Amino acid sequence: MRLIGNYINGNYKVKIFDDGTKIRETEANEFKAKFPECMDVKITNYCDMNCPMCHEGSTTEGKHGDLLNVNFINTLHQYTELALGGGNPLSHPQLIEFLKICRSKRIIVNMTVNQKHFMDEQKYIQFLIDHKLITSLGVSLTDVTDEFINTIQQYPNIVLHIINGMIKVEDLRKLYDKNIKVLILGYKQFRRGILNYQNDSKNIEMFKTELYNELENAINHLKVVSFDNLAIKQLEVKRLMSQDEWNEFYMGDDGKFTMYIDLVEQKYARSSISEKRYDLLDNIDNMFEIILNE
């Protein structure tokens, strides 16, 4: 592992390594942040996939956010991590210019794209990586094929995103023992995710149960398995860990170290499924303080 950044946030120190490892250290009894370590940032609501579970409700009518006239960007602390998404972030006409601004400020940018867009835009994605405009890439899994597996194995910092309830265990097992990193996301009953659940709840719940029962085996056969907080709750991940392991690996509740920003609507919130949202301010520390005090 190569250290790519370290900083002090509140009462603790943070080290970030090039394989995605993050280490927090403090002499206090708990970690108290003064600014967000990482943020989910929606930069566009345009997408041509029309995925039935999309909790952002993205469509081909969706608008792009203005990435070049956002004042709080100038107040971000070095090595803050941005997870850019959409919609399809690759479709945004200001993407490269925005990424160059982030690179100049030593902001760590990760981006999430759909599997189809990933396969279709290989040259573009390679350009972003070669020019150090993004550090890692999340790819939302839709279809486990040999071609796809062979392609992702060429990238050291790709993480497959899998939604609990939207993958069959037999497909998950196709990823085993292939040096693949996976992030499991909870199923979000939000926007299109509500209607999709109403239409297909039987299968979604069946797939959730299958994954629940398979989870320990999956952890043993995948290079890395991580979870968002919703998946941790839905899959009861804590049952598979000792208390010491939980204390070491759990990265904190939503809103304690993270937040969500929607640059399309110019709003921010605790998470992407929060109903309570606020107008953007000019300073990230002020926005985060409001999230902390909710």
# chains A, B, ... in the order shown; residues from 1 in each chain; ligands from 1

call {"tool": "residues_around", "arguments": {"residues": "region 282-284 of chain A", "least_positions_apart": "5", "cutoff": "9 Å", "atoms": "only C-alpha atoms", "output": "PyMOL selection string"}}
result
chain A and resi 35-36+70-77+289

call {"tool": "select_by_dssp", "arguments": {"residues": "region 124-259 of chain A", "states": "alpha helix (DSSP H)", "output": "ChimeraX atom specification"}}
result
/A:124-130,146-152,169-172,192-221,229-235,243-249

call {"tool": "residues_around", "arguments": {"residues": "Thr151 (chain A)", "least_positions_apart": "3", "cutoff": "12 Å", "atoms": "only C-alpha atoms", "output": "list in words"}}
result
Gln115, Phe118, Met119, Asp120, Gln122, Gln126, Val139, Val144, Thr145, Asp146, Glu147, Phe148, Gln154, Tyr155, Pro156, Ile158, Lys178 and Ile180 of chain A

call {"tool": "write_last_selection", "arguments": {"atoms": "N, CA and C atoms", "output": "PDB file, in the first residue's frame"}}
result
ATOM      1  N   GLN A 115     -22.647  -0.664 -15.367  1.00  0.00           N
ATOM      2  CA  GLN A 115     -21.826  -1.641 -16.085  1.00  0.00           C
ATOM      3  C   GLN A 115     -21.825  -1.399 -17.591  1.00  0.00           C
ATOM      4  N   PHE A 118     -19.736   1.588 -18.396  1.00  0.00           N
ATOM      5  CA  PHE A 118     -18.338   1.212 -18.181  1.00  0.00           C
ATOM      6  C   PHE A 118     -17.785   0.470 -19.394  1.00  0.00           C
ATOM      7  N   MET A 119     -18.525  -0.496 -19.895  1.00  0.00           N
ATOM      8  CA  MET A 119     -18.049  -1.289 -21.029  1.00  0.00           C
ATOM      9  C   MET A 119     -18.028  -0.455 -22.311  1.00  0.00           C
ATOM     10  N   ASP A 120     -18.990   0.431 -22.471  1.00  0.00           N
ATOM     11  CA  ASP A 120     -19.077   1.238 -23.693  1.00  0.00           C
ATOM     12  C   ASP A 120     -18.043   2.360 -23.737  1.00  0.00           C
ATOM     13  N   GLN A 122     -14.781   2.589 -22.418  1.00  0.00           N
ATOM     14  CA  GLN A 122     -13.471   2.166 -21.933  1.00  0.00           C
ATOM     15  C   GLN A 122     -12.371   3.208 -22.192  1.00  0.00           C
ATOM     16  N   GLN A 126     -10.338   5.099 -19.237  1.00  0.00           N
ATOM     17  CA  GLN A 126      -8.884   4.948 -19.173  1.00  0.00           C
ATOM     18  C   GLN A 126      -8.194   6.311 -19.190  1.00  0.00           C
ATOM     19  N   VAL A 139     -18.503   0.260 -10.189  1.00  0.00           N
ATOM     20  CA  VAL A 139     -19.283  -0.178 -11.352  1.00  0.00           C
ATOM     21  C   VAL A 139     -20.522  -0.916 -10.858  1.00  0.00           C
ATOM     22  N   VAL A 144     -23.441 -10.557 -15.018  1.00  0.00           N
ATOM     23  CA  VAL A 144     -22.136 -11.190 -14.797  1.00  0.00           C
ATOM     24  C   VAL A 144     -21.781 -12.029 -16.028  1.00  0.00           C
ATOM     25  N   THR A 145     -20.868 -11.497 -16.844  1.00  0.00           N
ATOM     26  CA  THR A 145     -20.407 -12.214 -18.026  1.00  0.00           C
ATOM     27  C   THR A 145     -18.894 -12.393 -17.957  1.00  0.00           C
ATOM     28  N   ASP A 146     -18.378 -13.351 -18.710  1.00  0.00           N
ATOM     29  CA  ASP A 146     -16.932 -13.574 -18.747  1.00  0.00           C
ATOM     30  C   ASP A 146     -16.206 -12.349 -19.289  1.00  0.00           C
ATOM     31  N   GLU A 147     -16.794 -11.707 -20.297  1.00  0.00           N
ATOM     32  CA  GLU A 147     -16.167 -10.518 -20.874  1.00  0.00           C
ATOM     33  C   GLU A 147     -16.041  -9.415 -19.831  1.00  0.00           C
ATOM     34  N   PHE A 148     -17.095  -9.226 -19.051  1.00  0.00           N
ATOM     35  CA  PHE A 148     -17.073  -8.185 -18.033  1.00  0.00           C
ATOM     36  C   PHE A 148     -16.044  -8.495 -16.951  1.00  0.00           C
ATOM     37  N   GLN A 154      -8.589  -5.994 -15.231  1.00  0.00           N
ATOM     38  CA  GLN A 154      -7.468  -5.188 -15.731  1.00  0.00           C
ATOM     39  C   GLN A 154      -7.287  -3.913 -14.914  1.00  0.00           C
ATOM     40  N   TYR A 155      -8.245  -3.601 -14.034  1.00  0.00           N
ATOM     41  CA  TYR A 155      -8.203  -2.374 -13.239  1.00  0.00           C
ATOM     42  C   TYR A 155      -7.992  -2.719 -11.765  1.00  0.00           C
ATOM     43  N   PRO A 156      -6.939  -2.199 -11.139  1.00  0.00           N
ATOM     44  CA  PRO A 156      -6.692  -2.546  -9.731  1.00  0.00           C
ATOM     45  C   PRO A 156      -7.659  -1.912  -8.749  1.00  0.00           C
ATOM     46  N   ILE A 158     -11.076  -1.062  -9.050  1.00  0.00           N
ATOM     47  CA  ILE A 158     -12.505  -1.125  -9.367  1.00  0.00           C
ATOM     48  C   ILE A 158     -13.228  -1.872  -8.251  1.00  0.00           C
ATOM     49  N   LYS A 178     -11.743 -14.470  -7.851  1.00  0.00           N
ATOM     50  CA  LYS A 178     -11.247 -13.787  -9.047  1.00  0.00           C
ATOM     51  C   LYS A 178     -10.625 -12.429  -8.697  1.00  0.00           C
ATOM     52  N   ILE A 180     -11.709  -9.907  -6.851  1.00  0.00           N
ATOM     53  CA  ILE A 180     -12.680  -8.836  -7.096  1.00  0.00           C
ATOM     54  C   ILE A 180     -13.127  -8.211  -5.776  1.00  0.00           C
TER      55      ILE A 180
END

call {"tool": "atom_distance", "arguments": {"atom1": "CA of Leu172 (chain A)", "atom2": "CA of Ala218 (chain A)"}}
result
7.9 Å

call {"tool": "closest_residue", "arguments": {"among": "A:Cys54, A:Gln153, A:Cys38, A:His221", "to": "Ser140 (chain A)", "atoms": "only C-alpha atoms"}}
result
A:Cys54

call {"tool": "closest_residue", "arguments": {"among": "A:Asn164, A:Asn29, A:Thr44, A:Ser242", "to": "Glu265 (chain A)", "atoms": "only C-alpha atoms"}}
result
A:Thr44

call {"tool": "select_by_dssp", "arguments": {"residues": "region 28-233 of chain A", "states": "strand (DSSP E or B)", "output": "count of residues only"}}
result
41

call {"tool": "residues_around", "arguments": {"residues": "region 85-95 of chain A", "least_positions_apart": "3", "cutoff": "7 Å", "atoms": "only C-alpha atoms", "output": "compact mmCIF listing (two decimals) with C-alpha atoms, in the first residue's frame"}}
result
# COMPACT_ATOMS: atom_id res chain seq x y z
CA VAL A 41 -22.14 13.90 -4.87
CA LYS A 42 -24.84 13.67 -7.53
CA ILE A 43 -23.67 15.64 -10.56
CA THR A 44 -26.38 14.76 -13.05
CA ASN A 45 -29.85 13.27 -13.26
CA TYR A 46 -29.37 12.30 -16.91
CA CYS A 47 -29.22 8.58 -17.67
CA SER A 58 -32.75 9.42 -13.40
CA HIS A 64 -26.93 18.19 -15.37
CA LEU A 67 -20.14 21.93 -11.51
CA PHE A 98 -14.44 19.73 -12.67
CA LEU A 99 -12.10 16.79 -12.11
CA MET A 111 -16.88 7.74 -9.49
CA THR A 112 -19.69 5.24 -9.96
CA VAL A 113 -20.98 4.20 -13.38

call {"tool": "closest_residue", "arguments": {"among": "A:Leu82, A:Val14, A:Met251, A:Ile167", "to": "Asn229 (chain A)", "atoms": "only C-alpha atoms"}}
result
A:Met251

call {"tool": "closest_residue", "arguments": {"among": "A:Asn293, A:Asn69, A:Asn203, A:Asn196", "to": "Ile101 (chain A)", "atoms": "only C-alpha atoms"}}
result
A:Asn69

call {"tool": "atom_distance", "arguments": {"atom1": "CA of Leu281 (chain A)", "atom2": "CA of Lys256 (chain A)"}}
result
18.7 Å

call {"tool": "atom_distance", "arguments": {"atom1": "CA of Val159 (chain A)", "atom2": "CA of Leu263 (chain A)"}}
result
23.8 Å

call {"tool": "residues_around", "arguments": {"residues": "Cys102 (chain A)", "least_positions_apart": "5", "cutoff": "9 Å", "atoms": "only C-alpha atoms", "output": "MDAnalysis selection string"}}
result
chainID A and resid 73 97 107:109 133
